[in-house]
$ cat input-v1.cif   # mmCIF, C-alpha atoms
data_structure
loop_
_atom_site.label_atom_id
_atom_site.label_comp_id
_atom_site.auth_asym_id
_atom_site.auth_seq_id
_atom_site.Cartn_x
_atom_site.Cartn_y
_atom_site.Cartn_z
CA MET F 1 -145.15 -149.77 -39.09
CA TYR F 2 -142.39 -152.14 -40.11
CA GLU F 3 -142.90 -155.88 -40.35
CA ILE F 4 -141.15 -158.62 -38.38
CA GLY F 5 -138.09 -159.77 -40.31
CA GLU F 6 -137.77 -156.50 -42.21
CA HIS F 7 -134.46 -154.65 -42.23
CA ILE F 8 -134.57 -151.00 -41.20
CA ILE F 9 -132.13 -148.22 -40.44
CA TYR F 10 -132.33 -147.18 -36.79
CA GLY F 11 -130.45 -143.96 -36.16
CA THR F 12 -126.72 -144.31 -35.70
CA ASN F 13 -127.14 -147.98 -34.80
CA GLY F 14 -127.36 -148.59 -38.53
CA ILE F 15 -129.13 -151.47 -40.14
CA CYS F 16 -131.22 -153.68 -37.87
CA ARG F 17 -133.63 -156.57 -38.26
CA VAL F 18 -137.07 -156.18 -36.73
CA GLY F 19 -137.25 -159.25 -34.50
CA LYS F 20 -140.56 -158.75 -32.71
CA ILE F 21 -143.25 -156.23 -31.92
CA ILE F 22 -144.15 -156.38 -28.23
CA GLY F 23 -145.70 -154.38 -25.43
CA SER F 24 -143.43 -152.11 -23.43
CA PRO F 25 -140.63 -154.11 -21.80
CA PHE F 26 -140.11 -151.24 -19.33
CA ASP F 27 -143.56 -150.20 -18.13
CA PRO F 28 -146.55 -152.57 -18.15
CA SER F 29 -148.90 -149.59 -18.08
CA ASP F 30 -147.42 -148.23 -21.34
CA SER F 31 -149.76 -149.43 -24.08
CA ARG F 32 -147.51 -148.47 -27.02
CA PRO F 33 -146.09 -151.25 -29.18
CA PHE F 34 -142.30 -151.59 -29.21
CA TYR F 35 -139.93 -152.93 -31.83
CA VAL F 36 -137.30 -155.41 -30.74
CA LEU F 37 -134.41 -154.64 -33.09
CA TYR F 38 -131.28 -156.67 -33.69
CA PRO F 39 -128.38 -154.69 -35.20
CA LEU F 40 -126.91 -156.71 -38.07
CA TYR F 41 -123.32 -155.60 -37.59
CA ASP F 42 -122.94 -155.41 -33.83
CA SER F 43 -120.56 -157.96 -32.37
CA SER F 44 -121.89 -157.38 -28.84
CA ASN F 45 -125.23 -159.04 -29.69
CA SER F 46 -127.13 -156.04 -28.38
CA VAL F 47 -130.88 -155.73 -28.61
CA ILE F 48 -132.74 -152.45 -29.05
CA TYR F 49 -136.21 -151.81 -27.67
CA THR F 50 -137.90 -148.75 -29.13
CA PRO F 51 -141.47 -147.53 -29.42
CA VAL F 52 -142.93 -148.04 -32.87
CA ASP F 53 -143.86 -144.35 -32.91
CA ASN F 54 -140.45 -143.09 -31.72
CA GLU F 55 -140.01 -139.66 -33.31
CA ASN F 56 -136.65 -138.90 -31.66
CA ILE F 57 -134.58 -141.28 -33.77
CA VAL F 58 -134.71 -141.71 -37.53
CA MET F 59 -136.16 -145.05 -38.55
CA ARG F 60 -136.36 -145.76 -42.26
CA LEU F 61 -136.12 -148.50 -44.83
CA PRO F 62 -132.70 -149.05 -46.41
CA ILE F 63 -132.08 -147.46 -49.78
CA SER F 64 -132.79 -149.59 -52.85
CA ARG F 65 -130.15 -151.62 -54.65
CA GLU F 66 -130.31 -149.19 -57.58
CA ALA F 67 -129.94 -146.18 -55.28
CA ALA F 68 -126.94 -147.85 -53.61
CA LYS F 69 -125.23 -148.34 -56.98
CA GLU F 70 -125.97 -144.73 -57.96
CA LEU F 71 -124.63 -143.52 -54.62
CA LEU F 72 -121.35 -145.38 -55.13
CA GLU F 73 -121.03 -143.91 -58.63
CA SER F 74 -121.60 -140.40 -57.26
CA ILE F 75 -118.80 -140.55 -54.67
CA PRO F 76 -116.15 -138.83 -56.82
CA ARG F 77 -118.55 -135.91 -57.46
CA LEU F 78 -119.68 -135.38 -53.88
CA GLY F 79 -118.04 -132.51 -52.06
CA VAL F 80 -116.57 -132.34 -48.60
CA ILE F 81 -117.83 -130.42 -45.59
CA ASP F 82 -115.88 -127.19 -45.47
CA VAL F 83 -116.27 -125.82 -41.95
CA GLY F 84 -113.11 -124.54 -40.30
CA GLU F 85 -114.31 -123.98 -36.75
CA GLU F 86 -114.34 -127.19 -34.72
CA LYS F 87 -117.57 -126.42 -32.81
CA LYS F 88 -119.46 -125.70 -36.02
CA ARG F 89 -117.96 -128.73 -37.74
CA ARG F 90 -119.10 -130.89 -34.82
CA GLU F 91 -122.67 -129.67 -35.32
CA VAL F 92 -122.52 -130.25 -39.08
CA TYR F 93 -121.11 -133.76 -38.52
CA ARG F 94 -123.73 -134.50 -35.86
CA SER F 95 -126.57 -133.32 -38.07
CA ALA F 96 -125.25 -135.33 -41.02
CA VAL F 97 -124.87 -138.53 -39.02
CA GLN F 98 -128.21 -138.21 -37.23
CA SER F 99 -129.98 -137.72 -40.56
CA THR F 100 -128.94 -141.28 -41.58
CA ASP F 101 -128.65 -139.94 -45.15
CA PRO F 102 -126.08 -142.12 -46.98
CA GLU F 103 -124.89 -139.17 -49.09
CA LYS F 104 -124.20 -137.17 -45.94
CA PHE F 105 -122.30 -140.15 -44.48
CA ILE F 106 -120.06 -140.08 -47.55
CA ARG F 107 -119.47 -136.34 -47.18
CA VAL F 108 -118.39 -136.86 -43.56
CA ILE F 109 -116.06 -139.70 -44.56
CA LYS F 110 -114.54 -137.73 -47.46
CA THR F 111 -114.03 -134.71 -45.22
CA VAL F 112 -112.23 -136.69 -42.55
CA VAL F 113 -110.08 -138.52 -45.10
CA ARG F 114 -109.02 -135.17 -46.56
CA ARG F 115 -108.40 -133.63 -43.13
CA ARG F 116 -106.39 -136.69 -42.04
CA ALA F 117 -104.09 -136.29 -45.07
CA GLU F 118 -103.65 -132.58 -44.32
CA PHE F 119 -102.85 -133.25 -40.67
CA ARG F 120 -100.33 -135.96 -41.61
CA LYS F 121 -98.49 -133.49 -43.83
CA LEU F 122 -98.29 -131.12 -40.88
CA ARG F 123 -97.30 -134.00 -38.55
CA ARG F 124 -100.26 -133.20 -36.35
CA ARG F 125 -102.87 -135.42 -34.76
CA LEU F 126 -106.38 -135.36 -36.18
CA PRO F 127 -108.96 -134.35 -33.54
CA ASP F 128 -110.92 -137.21 -31.99
CA LEU F 129 -114.07 -135.42 -33.10
CA ASP F 130 -113.28 -136.25 -36.73
CA ASN F 131 -112.33 -139.85 -36.00
CA ASP F 132 -115.47 -140.48 -33.96
CA PHE F 133 -117.88 -139.15 -36.56
CA GLU F 134 -116.03 -140.91 -39.37
CA HIS F 135 -116.29 -144.19 -37.47
CA THR F 136 -120.06 -143.76 -36.99
CA ALA F 137 -120.59 -142.73 -40.62
CA ARG F 138 -118.58 -145.68 -41.92
CA ASN F 139 -120.37 -148.21 -39.69
CA CYS F 140 -123.81 -146.99 -40.69
CA LEU F 141 -123.07 -146.58 -44.39
CA TYR F 142 -121.10 -149.79 -44.86
CA GLY F 143 -123.70 -151.90 -43.08
CA GLU F 144 -126.55 -150.50 -45.13
CA LEU F 145 -124.74 -150.83 -48.46
CA ALA F 146 -123.44 -154.32 -47.66
CA ASP F 147 -126.93 -155.52 -46.78
CA VAL F 148 -128.59 -153.90 -49.78
CA LEU F 149 -125.95 -155.06 -52.28
CA GLY F 150 -125.48 -158.50 -50.72
CA VAL F 151 -121.73 -158.16 -50.20
CA GLU F 152 -119.35 -158.07 -47.24
CA ARG F 153 -118.68 -154.79 -45.44
CA GLU F 154 -114.97 -155.16 -46.28
CA GLU F 155 -115.84 -155.03 -49.98
CA ILE F 156 -117.82 -151.83 -49.44
CA HIS F 157 -114.88 -150.39 -47.50
CA ARG F 158 -112.45 -151.20 -50.33
CA LYS F 159 -114.75 -149.78 -52.99
CA ILE F 160 -115.44 -146.52 -51.15
CA THR F 161 -111.77 -146.06 -50.24
CA GLU F 162 -110.82 -146.60 -53.90
CA LEU F 163 -113.46 -144.10 -55.08
CA ILE F 164 -112.44 -141.45 -52.53
CA GLU F 165 -108.74 -141.84 -53.32
CA SER F 166 -109.38 -141.61 -57.07
CA VAL F 167 -110.40 -137.96 -56.72
#

$ encode --input "input-v1.cif" --output "structure tokens"
Amino acid sequence: MYEIGEHIIYGTNGICRVGKIIGSPFDPSDSRPFYVLYPLYDSSNSVIYTPVDNENIVMRLPISREAAKELLESIPRLGVIDVGEEKKRREVYRSAVQSTDPEKFIRVIKTVVRRRAEFRKLRRRLPDLDNDFEHTARNCLYGELADVLGVEREEIHRKITELIESV
């Protein structure tokens, strides 16, 4: 169980602060405790209510500062996702994003960046599928790294873009 005030990763919502632990806000007869989560990088001021024992969505602590630095250093060495068929690629992207694994987020981002460059050369439009998963991966990854490293998300964006383009 996470503590009030702790930062956790909550699925594709990214990094959130545990605001409270309460009884069910939906069903008074439900005796399970619920987290009240506040996403750190959500401009809509949304609030998430989720059971403490929710097994359907990944909840985990953010990676350590050291792990974040190592992850950034590993970006040039990480490969892309090489799946040609759109349906299969969608499943690989979905699985990667739902895992909340920062390394998998980077693989999704690198893949889409590469595909975008290829599509530009062909003067074709990149499928929305790629853009959507890239957006989710970037939001989740940048928020976690910014929080862990104590920097702005824009700085994380610049650093990751620089590292991807250096390959």

$ residues_around --input "input-v1.cif" --residues "Asp101 of chain F" --least-positions-apart "2" --cutoff "12 Å" --atoms "all atoms listed in the file" --output "JSON, numbers by chain"
{"F": [9, 10, 11, 12, 14, 58, 59, 60, 61, 62, 63, 67, 68, 71, 93, 94, 95, 96, 97, 98, 99, 103, 104, 105, 106, 107, 108, 137, 140, 141, 144]}

$ atom_distance --input "input-v1.cif" --atom1 "atom CA of Ile4 of chain F" --atom2 "atom CA of Ile21 of chain F"
7.2 Å

$ axis_aligned_box --input "input-v1.cif" --around "segment 36-51 of chain F" --padding-each-side "3 Å" --output "AutoDock Vina command-line options"
--center_x -131.0 --center_y -153.3 --center_z -32.9 --size_x 26.9 --size_y 17.5 --size_z 16.4

$ atom_distance --input "input-v1.cif" --atom1 "atom CA of Arg120 of chain F" --atom2 "atom CA of Arg89 of chain F"
19.4 Å

$ closest_residue --input "input-v1.cif" --among "F:Val92, F:Val167, F:Val18, F:Ala146" --to "Lys110 of chain F" --atoms "only C-alpha atoms"
F:Val167

$ closest_atom_pairs --input "input-v1.cif" --of "segment 70-113 of chain F" --to "segment 155-159 of chain F" --cutoff "12 Å" --atoms "only C-alpha atoms" --output "JSON lines"
{"residue": "F:Leu71", "atom": "CA", "partner": "F:Lys159", "partner_atom": "CA", "distance": 11.8}
{"residue": "F:Leu72", "atom": "CA", "partner": "F:Lys159", "partner_atom": "CA", "distance": 8.2}
{"residue": "F:Glu73", "atom": "CA", "partner": "F:Lys159", "partner_atom": "CA", "distance": 10.3}
{"residue": "F:Ile75", "atom": "CA", "partner": "F:Lys159", "partner_atom": "CA", "distance": 10.2}
{"residue": "F:Pro76", "atom": "CA", "partner": "F:Lys159", "partner_atom": "CA", "distance": 11.7}
{"residue": "F:Ile106", "atom": "CA", "partner": "F:His157", "partner_atom": "CA", "distance": 11.5}
{"residue": "F:Ile109", "atom": "CA", "partner": "F:His157", "partner_atom": "CA", "distance": 11.1}

$ decode --input "input-v1.cif" --residues "segment 90-116 of chain F" --atoms "N, CA, C and O atoms" --output "PDB file, in the first residue's frame"
ATOM      1  N   ARG F  90       0.076  -2.279 -33.385  1.00  0.00           N
ATOM      2  CA  ARG F  90      -0.840  -1.711 -32.399  1.00  0.00           C
ATOM      3  C   ARG F  90      -0.791  -2.518 -31.096  1.00  0.00           C
ATOM      4  O   ARG F  90      -0.733  -1.953 -30.007  1.00  0.00           O
ATOM      5  N   GLU F  91      -0.794  -3.831 -31.211  1.00  0.00           N
ATOM      6  CA  GLU F  91      -0.750  -4.684 -30.018  1.00  0.00           C
ATOM      7  C   GLU F  91       0.579  -4.559 -29.287  1.00  0.00           C
ATOM      8  O   GLU F  91       0.623  -4.542 -28.055  1.00  0.00           O
ATOM      9  N   VAL F  92       1.672  -4.466 -30.041  1.00  0.00           N
ATOM     10  CA  VAL F  92       2.989  -4.302 -29.417  1.00  0.00           C
ATOM     11  C   VAL F  92       3.061  -2.946 -28.719  1.00  0.00           C
ATOM     12  O   VAL F  92       3.530  -2.847 -27.579  1.00  0.00           O
ATOM     13  N   TYR F  93       2.595  -1.896 -29.389  1.00  0.00           N
ATOM     14  CA  TYR F  93       2.551  -0.568 -28.767  1.00  0.00           C
ATOM     15  C   TYR F  93       1.696  -0.599 -27.502  1.00  0.00           C
ATOM     16  O   TYR F  93       2.092  -0.086 -26.458  1.00  0.00           O
ATOM     17  N   ARG F  94       0.507  -1.178 -27.609  1.00  0.00           N
ATOM     18  CA  ARG F  94      -0.417  -1.214 -26.469  1.00  0.00           C
ATOM     19  C   ARG F  94       0.220  -1.932 -25.282  1.00  0.00           C
ATOM     20  O   ARG F  94       0.188  -1.447 -24.155  1.00  0.00           O
ATOM     21  N   SER F  95       0.809  -3.062 -25.546  1.00  0.00           N
ATOM     22  CA  SER F  95       1.458  -3.835 -24.494  1.00  0.00           C
ATOM     23  C   SER F  95       2.605  -3.042 -23.864  1.00  0.00           C
ATOM     24  O   SER F  95       2.764  -3.019 -22.639  1.00  0.00           O
ATOM     25  N   ALA F  96       3.394  -2.378 -24.695  1.00  0.00           N
ATOM     26  CA  ALA F  96       4.520  -1.593 -24.195  1.00  0.00           C
ATOM     27  C   ALA F  96       4.037  -0.455 -23.306  1.00  0.00           C
ATOM     28  O   ALA F  96       4.564  -0.244 -22.205  1.00  0.00           O
ATOM     29  N   VAL F  97       3.030   0.262 -23.760  1.00  0.00           N
ATOM     30  CA  VAL F  97       2.525   1.410 -23.006  1.00  0.00           C
ATOM     31  C   VAL F  97       1.843   0.962 -21.711  1.00  0.00           C
ATOM     32  O   VAL F  97       2.055   1.547 -20.651  1.00  0.00           O
ATOM     33  N   GLN F  98       1.054  -0.095 -21.778  1.00  0.00           N
ATOM     34  CA  GLN F  98       0.355  -0.562 -20.580  1.00  0.00           C
ATOM     35  C   GLN F  98       1.310  -1.127 -19.533  1.00  0.00           C
ATOM     36  O   GLN F  98       0.985  -1.144 -18.350  1.00  0.00           O
ATOM     37  N   SER F  99       2.487  -1.551 -19.947  1.00  0.00           N
ATOM     38  CA  SER F  99       3.460  -2.089 -18.998  1.00  0.00           C
ATOM     39  C   SER F  99       4.018  -1.009 -18.078  1.00  0.00           C
ATOM     40  O   SER F  99       4.517  -1.310 -17.007  1.00  0.00           O
ATOM     41  N   THR F 100       3.961   0.236 -18.502  1.00  0.00           N
ATOM     42  CA  THR F 100       4.543   1.409 -17.841  1.00  0.00           C
ATOM     43  C   THR F 100       6.056   1.283 -17.672  1.00  0.00           C
ATOM     44  O   THR F 100       6.644   1.974 -16.854  1.00  0.00           O
ATOM     45  N   ASP F 101       6.683   0.448 -18.470  1.00  0.00           N
ATOM     46  CA  ASP F 101       8.136   0.254 -18.415  1.00  0.00           C
ATOM     47  C   ASP F 101       8.797   1.399 -19.180  1.00  0.00           C
ATOM     48  O   ASP F 101       8.592   1.529 -20.391  1.00  0.00           O
ATOM     49  N   PRO F 102       9.613   2.229 -18.515  1.00  0.00           N
ATOM     50  CA  PRO F 102      10.228   3.368 -19.194  1.00  0.00           C
ATOM     51  C   PRO F 102      11.062   2.980 -20.421  1.00  0.00           C
ATOM     52  O   PRO F 102      11.070   3.704 -21.415  1.00  0.00           O
ATOM     53  N   GLU F 103      11.732   1.857 -20.382  1.00  0.00           N
ATOM     54  CA  GLU F 103      12.512   1.418 -21.540  1.00  0.00           C
ATOM     55  C   GLU F 103      11.598   1.133 -22.729  1.00  0.00           C
ATOM     56  O   GLU F 103      11.925   1.468 -23.871  1.00  0.00           O
ATOM     57  N   LYS F 104      10.455   0.547 -22.458  1.00  0.00           N
ATOM     58  CA  LYS F 104       9.501   0.267 -23.543  1.00  0.00           C
ATOM     59  C   LYS F 104       8.899   1.564 -24.087  1.00  0.00           C
ATOM     60  O   LYS F 104       8.636   1.674 -25.282  1.00  0.00           O
ATOM     61  N   PHE F 105       8.702   2.556 -23.214  1.00  0.00           N
ATOM     62  CA  PHE F 105       8.235   3.865 -23.683  1.00  0.00           C
ATOM     63  C   PHE F 105       9.238   4.432 -24.694  1.00  0.00           C
ATOM     64  O   PHE F 105       8.861   4.946 -25.742  1.00  0.00           O
ATOM     65  N   ILE F 106      10.516   4.320 -24.364  1.00  0.00           N
ATOM     66  CA  ILE F 106      11.549   4.851 -25.256  1.00  0.00           C
ATOM     67  C   ILE F 106      11.538   4.106 -26.585  1.00  0.00           C
ATOM     68  O   ILE F 106      11.665   4.717 -27.648  1.00  0.00           O
ATOM     69  N   ARG F 107      11.353   2.808 -26.550  1.00  0.00           N
ATOM     70  CA  ARG F 107      11.303   2.036 -27.803  1.00  0.00           C
ATOM     71  C   ARG F 107      10.129   2.483 -28.677  1.00  0.00           C
ATOM     72  O   ARG F 107      10.262   2.594 -29.895  1.00  0.00           O
ATOM     73  N   VAL F 108       8.994   2.752 -28.061  1.00  0.00           N
ATOM     74  CA  VAL F 108       7.839   3.245 -28.822  1.00  0.00           C
ATOM     75  C   VAL F 108       8.173   4.607 -29.436  1.00  0.00           C
ATOM     76  O   VAL F 108       7.948   4.842 -30.624  1.00  0.00           O
ATOM     77  N   ILE F 109       8.726   5.495 -28.644  1.00  0.00           N
ATOM     78  CA  ILE F 109       9.064   6.836 -29.132  1.00  0.00           C
ATOM     79  C   ILE F 109      10.077   6.755 -30.274  1.00  0.00           C
ATOM     80  O   ILE F 109       9.894   7.379 -31.319  1.00  0.00           O
ATOM     81  N   LYS F 110      11.130   5.970 -30.094  1.00  0.00           N
ATOM     82  CA  LYS F 110      12.152   5.835 -31.144  1.00  0.00           C
ATOM     83  C   LYS F 110      11.557   5.258 -32.425  1.00  0.00           C
ATOM     84  O   LYS F 110      11.896   5.681 -33.525  1.00  0.00           O
ATOM     85  N   THR F 111      10.674   4.300 -32.270  1.00  0.00           N
ATOM     86  CA  THR F 111      10.041   3.686 -33.435  1.00  0.00           C
ATOM     87  C   THR F 111       9.223   4.709 -34.205  1.00  0.00           C
ATOM     88  O   THR F 111       9.320   4.799 -35.433  1.00  0.00           O
ATOM     89  N   VAL F 112       8.432   5.478 -33.499  1.00  0.00           N
ATOM     90  CA  VAL F 112       7.573   6.458 -34.167  1.00  0.00           C
ATOM     91  C   VAL F 112       8.411   7.572 -34.808  1.00  0.00           C
ATOM     92  O   VAL F 112       8.116   8.009 -35.923  1.00  0.00           O
ATOM     93  N   VAL F 113       9.457   7.998 -34.131  1.00  0.00           N
ATOM     94  CA  VAL F 113      10.332   9.023 -34.703  1.00  0.00           C
ATOM     95  C   VAL F 113      10.930   8.514 -36.020  1.00  0.00           C
ATOM     96  O   VAL F 113      10.961   9.231 -37.026  1.00  0.00           O
ATOM     97  N   ARG F 114      11.387   7.277 -36.013  1.00  0.00           N
ATOM     98  CA  ARG F 114      11.964   6.691 -37.229  1.00  0.00           C
ATOM     99  C   ARG F 114      10.907   6.581 -38.329  1.00  0.00           C
ATOM    100  O   ARG F 114      11.132   6.944 -39.478  1.00  0.00           O
ATOM    101  N   ARG F 115       9.726   6.069 -37.959  1.00  0.00           N
ATOM    102  CA  ARG F 115       8.657   5.907 -38.954  1.00  0.00           C
ATOM    103  C   ARG F 115       8.220   7.267 -39.509  1.00  0.00           C
ATOM    104  O   ARG F 115       7.960   7.401 -40.701  1.00  0.00           O
ATOM    105  N   ARG F 116       8.161   8.283 -38.652  1.00  0.00           N
ATOM    106  CA  ARG F 116       7.764   9.616 -39.101  1.00  0.00           C
ATOM    107  C   ARG F 116       8.749  10.126 -40.168  1.00  0.00           C
ATOM    108  O   ARG F 116       8.342  10.686 -41.192  1.00  0.00           O
TER     109      ARG F 116
END
